[in-house]
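Visitor: Please read through the structure below; I'll follow up with questions.
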Amino acid sequence: MTMLALEIGAAGFAVSRLDDDVDDDDVLRAPAPNRGAWKQCREMLLAAAAGQEVTSVGIGSSGPIDMSAGVIAPSDIPEWQAGFAIVDETRKLFPAAEVRLGIDGVCISLAERNFGAVGQTMDALSISVSHHVTGGVSVGGFAVVGRTGNAGSIGHVLVPGFDDPCDCGSRGCVDAVAGGVAAIRWSRGRGWSGTTPAELVEAAGAGDETALAALVRAGTALGRAISSVAALMDLDLVVVGGLLAQQGSALWQPMQEAVATHARASYLHGLRVVPSPLGEFGVLAGAGVLAVTAVQD
C-alpha cells in the first residue's frame, strides 16, 4: 500500500511517500516552473510512487482553493491562478487512489495536532510565517475547513496601523506585512539586497537595520492579528512556525509584545504563543494526514 503526500506552495512542490523508513532526504522538492507546472508535479509524483500502485494521495496547497471541486488557484503559480483541477489530474495519474485536498493552513493545523505542539488542546490556531502567512484553526479537536475549504486564512486578517497592498486586492492584510514575499519587497525598497526569507532572518540577526525593521513590522502585525483571532475564537494556544518565525528570529519579541498589548480580554489571560517543532514540514505532514485518513474512511 503506497500513500503519497504533495505540498504546493510559494517555494514550489514537495512530494513524499508515507513509509516508516522515509526521512528528510527522501522528500522530493522542486520549484514550480513558469510553464509546465503540472508536468513537473506529475513527474515528481511518479518518481515518489516508484512504480507501485498508489492507494491514496493527500494534497496540501496554498490558496485559494475550491475543495469540493478539487480545484486550486495558488497565487504563486501563474498558469494555475485561474484554477487548476489538481484532484482530477491526480486521479487520472493514479486511478486506484483516494485523493484528498486541503488548503495549506488546514494541513498545518492537522500536522500540529498529530505531530506538533497542539496535541490534546481542543481549540488552537496554527500559523506558518514563510513566503506567506497561512494558518488553520482547530475547534473542539477538529480542523475547521469552511464552506469552500479556505477557513483559517489568517493571512487576510486586517491589522490596524498598516495599509500595505495585498496580493488579494485588499490593503492592510497581515500577509501584506508579515509574509516573507512582502517583507522582502519592503526591505528591498529600502536598499536591502537579499532575496529569500532565510536571508532576511539572518541579516536581522546580524544587525542589519532594514532587515530588523522588516521583522519588527512583521511581528507587530502578526501579534495584532493573533490577538484578534484569539479573542474571536476564545483560544488559549497559538503555534507559530515557518521560515520567518524560526527559533531566534527577531520576529518573536515584537509579536509577543503585540499579543501582550492587545490580547487583554479576561478570558485570554492564559493565551500561549509557542514555536512549532515541525520546521518547514507542516504542510507536507498535514497532507500525509489527509492521505492516511482517506484510506481509513
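Labeling convention for the C-alpha cells: chains A, B, ... as they appear, residues from 1 per chain, ligands from 1 in order of appearance.
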Where does range 78-126 of chain A meet range 146-153 of chain A within 10 Å, residue by residue, with the nearest atom pair and distance in Å to one decimal for each, counting only C-alpha atoms, listed by chain and rising number, as CSV?
Guide:
residue,atom,partner,partner_atom,distance
A:Leu101,CA,A:Gly149,CA,8.9
A:Gly102,CA,A:Gly149,CA,6.8
A:Ile103,CA,A:Asn150,CA,6.3
A:Asp104,CA,A:Asn150,CA,9.0
A:Gly105,CA,A:Gly152,CA,6.4
A:Val106,CA,A:Gly152,CA,7.1
A:Ser109,CA,A:Gly152,CA,9.2
A:Leu125,CA,A:Gly152,CA,8.2
A:Ser126,CA,A:Gly152,CA,8.9
Visitor: With range 7-31 of chain A as the partner and 12 Å as the cut-off, tabulate the residues of range 173-242 of chain A that qualify, each row holding the nearest pair of atoms and their distance in Å to one decimal, using only C-alpha atoms, sorted by chain and rising number, as CSV.
Guide:
residue,atom,partner,partner_atom,distance
A:Gly179,CA,A:Ala10,CA,11.0
A:Gly180,CA,A:Ala10,CA,10.1
A:Val181,CA,A:Ala10,CA,9.2
A:Thr196,CA,A:Ala11,CA,10.3
A:Pro197,CA,A:Ala11,CA,10.8
Visitor: Selected residues, all heavy atoms, written as a tab-separated table (two decimals), in the first residue's frame, please.
Guide:
chain	number	residue	atom	x	y	z
A	179	GLY	N	4.21	38.41	5.65
A	179	GLY	CA	4.64	37.35	4.74
A	179	GLY	C	6.04	37.61	4.22
A	179	GLY	O	6.45	38.77	4.04
A	180	GLY	N	6.79	36.54	3.98
A	180	GLY	CA	8.16	36.71	3.53
A	180	GLY	C	8.28	37.48	2.23
A	180	GLY	O	9.18	38.33	2.07
A	181	VAL	N	7.39	37.21	1.28
A	181	VAL	CA	7.43	37.93	-0.01
A	181	VAL	C	7.25	39.42	0.22
A	181	VAL	O	7.98	40.26	-0.33
A	181	VAL	CB	6.35	37.39	-0.95
A	181	VAL	CG1	6.24	38.24	-2.21
A	181	VAL	CG2	6.65	35.94	-1.34
A	196	THR	N	15.70	36.11	-0.10
A	196	THR	CA	14.95	34.99	0.48
A	196	THR	C	14.57	35.27	1.94
A	196	THR	O	15.23	36.07	2.61
A	196	THR	CB	15.76	33.68	0.43
A	196	THR	OG1	16.86	33.77	1.35
A	196	THR	CG2	16.27	33.41	-0.97
A	197	PRO	N	13.52	34.62	2.43
A	197	PRO	CA	13.17	34.78	3.84
A	197	PRO	C	14.31	34.39	4.78
A	197	PRO	O	14.53	35.05	5.80
A	197	PRO	CB	11.97	33.85	4.01
A	197	PRO	CG	11.34	33.79	2.65
A	197	PRO	CD	12.50	33.82	1.71
Visitor: Using only C-alpha atoms, find the one residue out of A:Val144, A:Val133, A:Val292, A:Ala124 that sits nearest to Ala176 in chain A.
Guide: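 For Ala176 in chain A, the nearest of the given residues is A:Val133.
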Visitor: Please list as a PyMOL selection string every residue within 12 Å of range 254-270 of chain A, counting only C-alpha atoms and excluding residues in the same chain fewer than 4 positions away.
Guide: chain A and resi 129+159-160+178+212-238+240+244-245+249-250+274-275
Visitor: Any idea what the distance is between CA of Val99 in chain A and CA of Val145 in chain A?
Guide: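 Straight-line distance from CA of Val99 in chain A to CA of Val145 in chain A works out to 16.5 Å.
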Visitor: Write out as number ranges by chain which residues come within 12 Å of Arg35 in chain A when counting only C-alpha atoms, dropping same-chain ones fewer than 3 positions away.
Guide: A: 31-32, 38-41, 77-80
Visitor: Go ahead and write the selection's residues with N, CA, C and O atoms as a short mmCIF file (atom, residue, chain, number, x, y, z; two decimals), in the first residue's frame.
Guide:
data_model
loop_
_atom_site.label_atom_id
_atom_site.label_comp_id
_atom_site.auth_asym_id
_atom_site.auth_seq_id
_atom_site.Cartn_x
_atom_site.Cartn_y
_atom_site.Cartn_z
N PRO A 31 11.23 23.77 -7.46
CA PRO A 31 10.44 24.99 -7.67
C PRO A 31 9.43 24.77 -8.79
O PRO A 31 9.65 23.96 -9.69
N ALA A 32 8.32 25.48 -8.72
CA ALA A 32 7.33 25.40 -9.80
C ALA A 32 7.84 26.19 -10.99
O ALA A 32 8.21 27.36 -10.85
N TRP A 38 2.15 21.37 -14.07
CA TRP A 38 1.62 20.02 -13.84
C TRP A 38 2.60 18.95 -14.31
O TRP A 38 2.74 17.91 -13.67
N LYS A 39 3.29 19.20 -15.41
CA LYS A 39 4.29 18.23 -15.88
C LYS A 39 5.34 18.00 -14.80
O LYS A 39 5.71 16.85 -14.51
N GLN A 40 5.83 19.08 -14.19
CA GLN A 40 6.82 18.96 -13.12
C GLN A 40 6.24 18.20 -11.93
O GLN A 40 6.87 17.28 -11.37
N CYS A 41 5.04 18.58 -11.53
CA CYS A 41 4.39 17.95 -10.40
C CYS A 41 4.13 16.46 -10.68
O CYS A 41 4.37 15.59 -9.82
N ILE A 77 1.72 30.47 -8.62
CA ILE A 77 1.90 29.66 -9.83
C ILE A 77 1.03 30.28 -10.91
O ILE A 77 -0.17 30.01 -11.01
N PRO A 78 1.61 31.15 -11.77
CA PRO A 78 0.82 31.96 -12.70
C PRO A 78 -0.14 31.16 -13.57
O PRO A 78 -1.30 31.56 -13.74
N GLU A 79 0.29 30.03 -14.12
CA GLU A 79 -0.59 29.33 -15.05
C GLU A 79 -1.73 28.60 -14.35
O GLU A 79 -2.64 28.09 -15.00
N TRP A 80 -1.71 28.56 -13.00
CA TRP A 80 -2.81 27.94 -12.25
C TRP A 80 -3.69 28.96 -11.55
O TRP A 80 -4.63 28.60 -10.85
#
Visitor: Once DSSP has gone over the backbone, tell me which residues of range 117-241 of chain A are in alpha helix (DSSP H), as a short mmCIF file (atom, residue, chain, number, x, y, z; two decimals) with N, CA, C and O atoms, in the first residue's frame.
Guide:
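Written output follows (part33.cif):
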data_model
loop_
_atom_site.label_atom_id
_atom_site.label_comp_id
_atom_site.auth_asym_id
_atom_site.auth_seq_id
_atom_site.Cartn_x
_atom_site.Cartn_y
_atom_site.Cartn_z
N ASP A 175 -0.68 39.30 5.75
CA ASP A 175 0.27 38.73 4.79
C ASP A 175 1.00 39.81 4.01
O ASP A 175 2.14 39.62 3.58
N ALA A 176 0.36 40.97 3.84
CA ALA A 176 0.98 42.07 3.11
C ALA A 176 2.08 42.74 3.91
O ALA A 176 2.85 43.54 3.36
N VAL A 177 2.17 42.41 5.20
CA VAL A 177 3.21 42.97 6.06
C VAL A 177 4.16 41.89 6.55
O VAL A 177 5.39 42.05 6.49
N ALA A 178 3.61 40.76 7.01
CA ALA A 178 4.40 39.74 7.69
C ALA A 178 4.82 38.59 6.80
O ALA A 178 5.71 37.81 7.18
N GLY A 180 6.79 36.54 3.98
CA GLY A 180 8.16 36.71 3.53
C GLY A 180 8.28 37.48 2.23
O GLY A 180 9.18 38.33 2.07
N VAL A 181 7.39 37.21 1.28
CA VAL A 181 7.43 37.93 -0.01
C VAL A 181 7.25 39.42 0.22
O VAL A 181 7.98 40.26 -0.33
N ALA A 182 6.28 39.78 1.06
CA ALA A 182 6.01 41.19 1.33
C ALA A 182 7.14 41.83 2.12
O ALA A 182 7.55 42.98 1.84
N ALA A 183 7.67 41.12 3.12
CA ALA A 183 8.75 41.68 3.94
C ALA A 183 10.01 41.91 3.11
O ALA A 183 10.72 42.91 3.29
N ILE A 184 10.29 41.00 2.19
CA ILE A 184 11.45 41.16 1.31
C ILE A 184 11.23 42.35 0.37
O ILE A 184 12.14 43.17 0.16
N ARG A 185 10.04 42.46 -0.17
CA ARG A 185 9.73 43.59 -1.06
C ARG A 185 9.90 44.91 -0.31
O ARG A 185 10.48 45.86 -0.84
N TRP A 186 9.39 44.98 0.92
CA TRP A 186 9.53 46.20 1.72
C TRP A 186 11.00 46.50 1.99
O TRP A 186 11.44 47.65 1.88
N SER A 187 11.78 45.50 2.31
CA SER A 187 13.19 45.69 2.63
C SER A 187 14.00 46.11 1.41
O SER A 187 14.85 47.00 1.48
N ARG A 188 13.73 45.47 0.28
CA ARG A 188 14.48 45.81 -0.95
C ARG A 188 14.15 47.23 -1.40
O ARG A 188 14.99 47.91 -1.98
N PRO A 197 13.52 34.62 2.43
CA PRO A 197 13.17 34.78 3.84
C PRO A 197 14.31 34.39 4.78
O PRO A 197 14.53 35.05 5.80
N ALA A 198 15.02 33.32 4.46
CA ALA A 198 16.13 32.90 5.32
C ALA A 198 17.21 33.97 5.39
O ALA A 198 17.78 34.23 6.46
N GLU A 199 17.49 34.62 4.27
CA GLU A 199 18.48 35.70 4.27
C GLU A 199 18.00 36.89 5.10
O GLU A 199 18.81 37.54 5.79
N LEU A 200 16.70 37.15 5.06
CA LEU A 200 16.15 38.26 5.84
C LEU A 200 16.33 38.00 7.33
O LEU A 200 16.76 38.90 8.08
N VAL A 201 16.02 36.79 7.78
CA VAL A 201 16.18 36.44 9.19
C VAL A 201 17.64 36.52 9.61
O VAL A 201 17.98 37.05 10.67
N GLU A 202 18.52 35.99 8.74
CA GLU A 202 19.96 36.01 9.06
C GLU A 202 20.48 37.44 9.14
O GLU A 202 21.25 37.78 10.04
N ALA A 203 20.05 38.28 8.19
CA ALA A 203 20.52 39.67 8.19
C ALA A 203 20.04 40.42 9.42
O ALA A 203 20.77 41.20 10.03
N ALA A 204 18.79 40.17 9.81
CA ALA A 204 18.27 40.82 11.01
C ALA A 204 19.04 40.38 12.24
O ALA A 204 19.37 41.20 13.11
N GLY A 205 19.38 39.08 12.31
CA GLY A 205 20.15 38.57 13.43
C GLY A 205 21.55 39.15 13.49
O GLY A 205 22.14 39.26 14.57
N GLU A 209 19.86 46.91 9.91
CA GLU A 209 18.75 47.73 10.41
C GLU A 209 17.48 47.57 9.58
O GLU A 209 16.38 47.53 10.12
N THR A 210 17.64 47.46 8.27
CA THR A 210 16.47 47.34 7.41
C THR A 210 15.79 45.99 7.60
O THR A 210 14.56 45.89 7.73
N ALA A 211 16.59 44.92 7.62
CA ALA A 211 16.03 43.59 7.82
C ALA A 211 15.37 43.49 9.19
O ALA A 211 14.29 42.90 9.35
N LEU A 212 16.01 44.07 10.19
CA LEU A 212 15.45 44.04 11.53
C LEU A 212 14.12 44.81 11.58
O LEU A 212 13.14 44.34 12.18
N ALA A 213 14.07 45.94 10.93
CA ALA A 213 12.83 46.73 10.90
C ALA A 213 11.71 45.95 10.21
O ALA A 213 10.55 46.02 10.63
N ALA A 214 12.07 45.21 9.16
CA ALA A 214 11.06 44.41 8.46
C ALA A 214 10.47 43.34 9.37
O ALA A 214 9.25 43.10 9.37
N LEU A 215 11.31 42.70 10.18
CA LEU A 215 10.81 41.65 11.07
C LEU A 215 10.06 42.24 12.26
O LEU A 215 9.13 41.61 12.78
N VAL A 216 10.45 43.43 12.70
CA VAL A 216 9.68 44.10 13.75
C VAL A 216 8.28 44.43 13.24
O VAL A 216 7.28 44.22 13.94
N ARG A 217 8.20 44.96 12.02
CA ARG A 217 6.88 45.23 11.41
C ARG A 217 6.08 43.94 11.31
O ARG A 217 4.88 43.90 11.64
N ALA A 218 6.73 42.88 10.84
CA ALA A 218 6.04 41.61 10.65
C ALA A 218 5.53 41.07 11.98
O ALA A 218 4.37 40.63 12.09
N GLY A 219 6.38 41.09 12.99
CA GLY A 219 5.98 40.57 14.28
C GLY A 219 4.85 41.37 14.91
O GLY A 219 3.92 40.80 15.50
N THR A 220 4.91 42.68 14.76
CA THR A 220 3.86 43.54 15.30
C THR A 220 2.52 43.26 14.63
O THR A 220 1.49 43.10 15.29
N ALA A 221 2.53 43.19 13.30
CA ALA A 221 1.30 42.90 12.57
C ALA A 221 0.75 41.53 12.93
O ALA A 221 -0.45 41.35 13.14
N LEU A 222 1.63 40.56 13.01
CA LEU A 222 1.20 39.21 13.32
C LEU A 222 0.62 39.12 14.72
O LEU A 222 -0.42 38.48 14.95
N GLY A 223 1.26 39.79 15.68
CA GLY A 223 0.74 39.78 17.05
C GLY A 223 -0.63 40.41 17.15
O GLY A 223 -1.49 39.93 17.91
N ARG A 224 -0.87 41.47 16.41
CA ARG A 224 -2.19 42.10 16.41
C ARG A 224 -3.23 41.17 15.80
O ARG A 224 -4.36 41.06 16.32
N ALA A 225 -2.87 40.50 14.72
CA ALA A 225 -3.81 39.56 14.10
C ALA A 225 -4.11 38.39 15.02
O ALA A 225 -5.26 37.95 15.14
N ILE A 226 -3.08 37.86 15.67
CA ILE A 226 -3.27 36.75 16.61
C ILE A 226 -4.22 37.17 17.73
O ILE A 226 -5.12 36.42 18.12
N SER A 227 -4.05 38.37 18.24
CA SER A 227 -4.91 38.86 19.32
C SER A 227 -6.36 38.90 18.88
O SER A 227 -7.27 38.52 19.65
N SER A 228 -6.61 39.35 17.67
CA SER A 228 -7.99 39.43 17.17
C SER A 228 -8.60 38.06 17.00
O SER A 228 -9.75 37.81 17.40
N VAL A 229 -7.86 37.14 16.40
CA VAL A 229 -8.39 35.80 16.16
C VAL A 229 -8.58 35.06 17.48
O VAL A 229 -9.58 34.35 17.67
N ALA A 230 -7.64 35.20 18.40
CA ALA A 230 -7.77 34.54 19.69
C ALA A 230 -9.00 35.04 20.44
O ALA A 230 -9.73 34.25 21.07
N ALA A 231 -9.28 36.34 20.37
CA ALA A 231 -10.47 36.88 21.01
C ALA A 231 -11.74 36.38 20.34
O ALA A 231 -12.73 36.04 21.00
N LEU A 232 -11.73 36.33 19.03
CA LEU A 232 -12.90 35.86 18.29
C LEU A 232 -13.23 34.41 18.59
O LEU A 232 -14.39 34.03 18.78
N MET A 233 -12.17 33.57 18.63
CA MET A 233 -12.36 32.12 18.75
C MET A 233 -12.21 31.60 20.18
O MET A 233 -12.38 30.41 20.41
#
Visitor: Mind checking which residues fall within 12 Å of Arg171 in chain A, counting only C-alpha atoms, ignoring those fewer than 3 positions away in the same chain, and posting them as a PDB file with C-alpha atoms, in the first residue's frame?
Guide:
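So result_10.pdb came out as:
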ATOM      1  CA  GLY A 155      -3.033  35.959   6.226  1.00  0.00           C
ATOM      2  CA  HIS A 156      -6.033  38.031   5.161  1.00  0.00           C
ATOM      3  CA  VAL A 157      -6.993  39.292   8.602  1.00  0.00           C
ATOM      4  CA  LEU A 158      -6.755  43.087   8.549  1.00  0.00           C
ATOM      5  CA  VAL A 159      -4.354  44.656  11.027  1.00  0.00           C
ATOM      6  CA  PRO A 160      -4.711  48.214  12.363  1.00  0.00           C
ATOM      7  CA  GLY A 161      -1.878  50.590  11.642  1.00  0.00           C
ATOM      8  CA  PHE A 162      -0.897  49.064   8.285  1.00  0.00           C
ATOM      9  CA  ASP A 163      -2.103  49.857   4.780  1.00  0.00           C
ATOM     10  CA  ASP A 164       0.263  47.787   2.619  1.00  0.00           C
ATOM     11  CA  PRO A 165      -1.368  46.462  -0.574  1.00  0.00           C
ATOM     12  CA  CYS A 166      -2.065  42.718  -0.545  1.00  0.00           C
ATOM     13  CA  ASP A 167      -1.996  40.317  -3.472  1.00  0.00           C
ATOM     14  CA  CYS A 168      -5.656  39.507  -2.744  1.00  0.00           C
ATOM     15  CA  VAL A 174      -1.276  40.621   7.747  1.00  0.00           C
ATOM     16  CA  ASP A 175       0.268  38.731   4.794  1.00  0.00           C
ATOM     17  CA  ALA A 176       0.975  42.073   3.110  1.00  0.00           C
ATOM     18  CA  VAL A 177       3.207  42.974   6.064  1.00  0.00           C
TER      19      VAL A 177
END
Visitor: Fewer than 3 positions away in the same chain doesn't count, so skip those; otherwise give me all residues within 10 Å of Met3 in chain A, counting only C-alpha atoms, as a VMD selection string.
Guide: chain A and resid 16 to 19 48 to 49 52 to 58 97 to 99 288 291 to 292 294 to 295
Visitor: Kindly give the distance, in Å, that separates CA of Gly172 in chain A and CA of Pro74 in chain A, rounded to a single decimal.
Guide: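 Distance between the two atoms: 20.2 Å.
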Visitor: Excluding range 115-121 of chain A and residues on its chain fewer than 4 positions from it, collect all residues at most 12 Å away from it, counting only C-alpha atoms, and give them as a PyMOL selection string.
Guide: chain A and resi 107-111+125-127+136-143+235-241+272-286+288-289
Visitor: Go through A:Gly248, A:Gly70, A:Gly51, A:Gly242 one by one, measure the shortest atom-to-atom distance of each to Asp88 in chain A using only C-alpha atoms, and give the residue with the smallest value.
Guide: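 Looking only at the distances to Asp88 in chain A, the closest residue turns out to be A:Gly70.
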Visitor: Suppose you want the space between CA of Gly191 in chain A and CA of Ser128 in chain A; what is it in Å?
Guide: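 CA of Ser128 in chain A lies 26.6 Å from CA of Gly191 in chain A.
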Visitor: Which of these residues is nearest to Asp208 in chain A, using only C-alpha atoms: A:Arg190, A:His132, A:Arg100, A:Arg113?
Guide: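 Nearest to Asp208 in chain A: A:Arg190.
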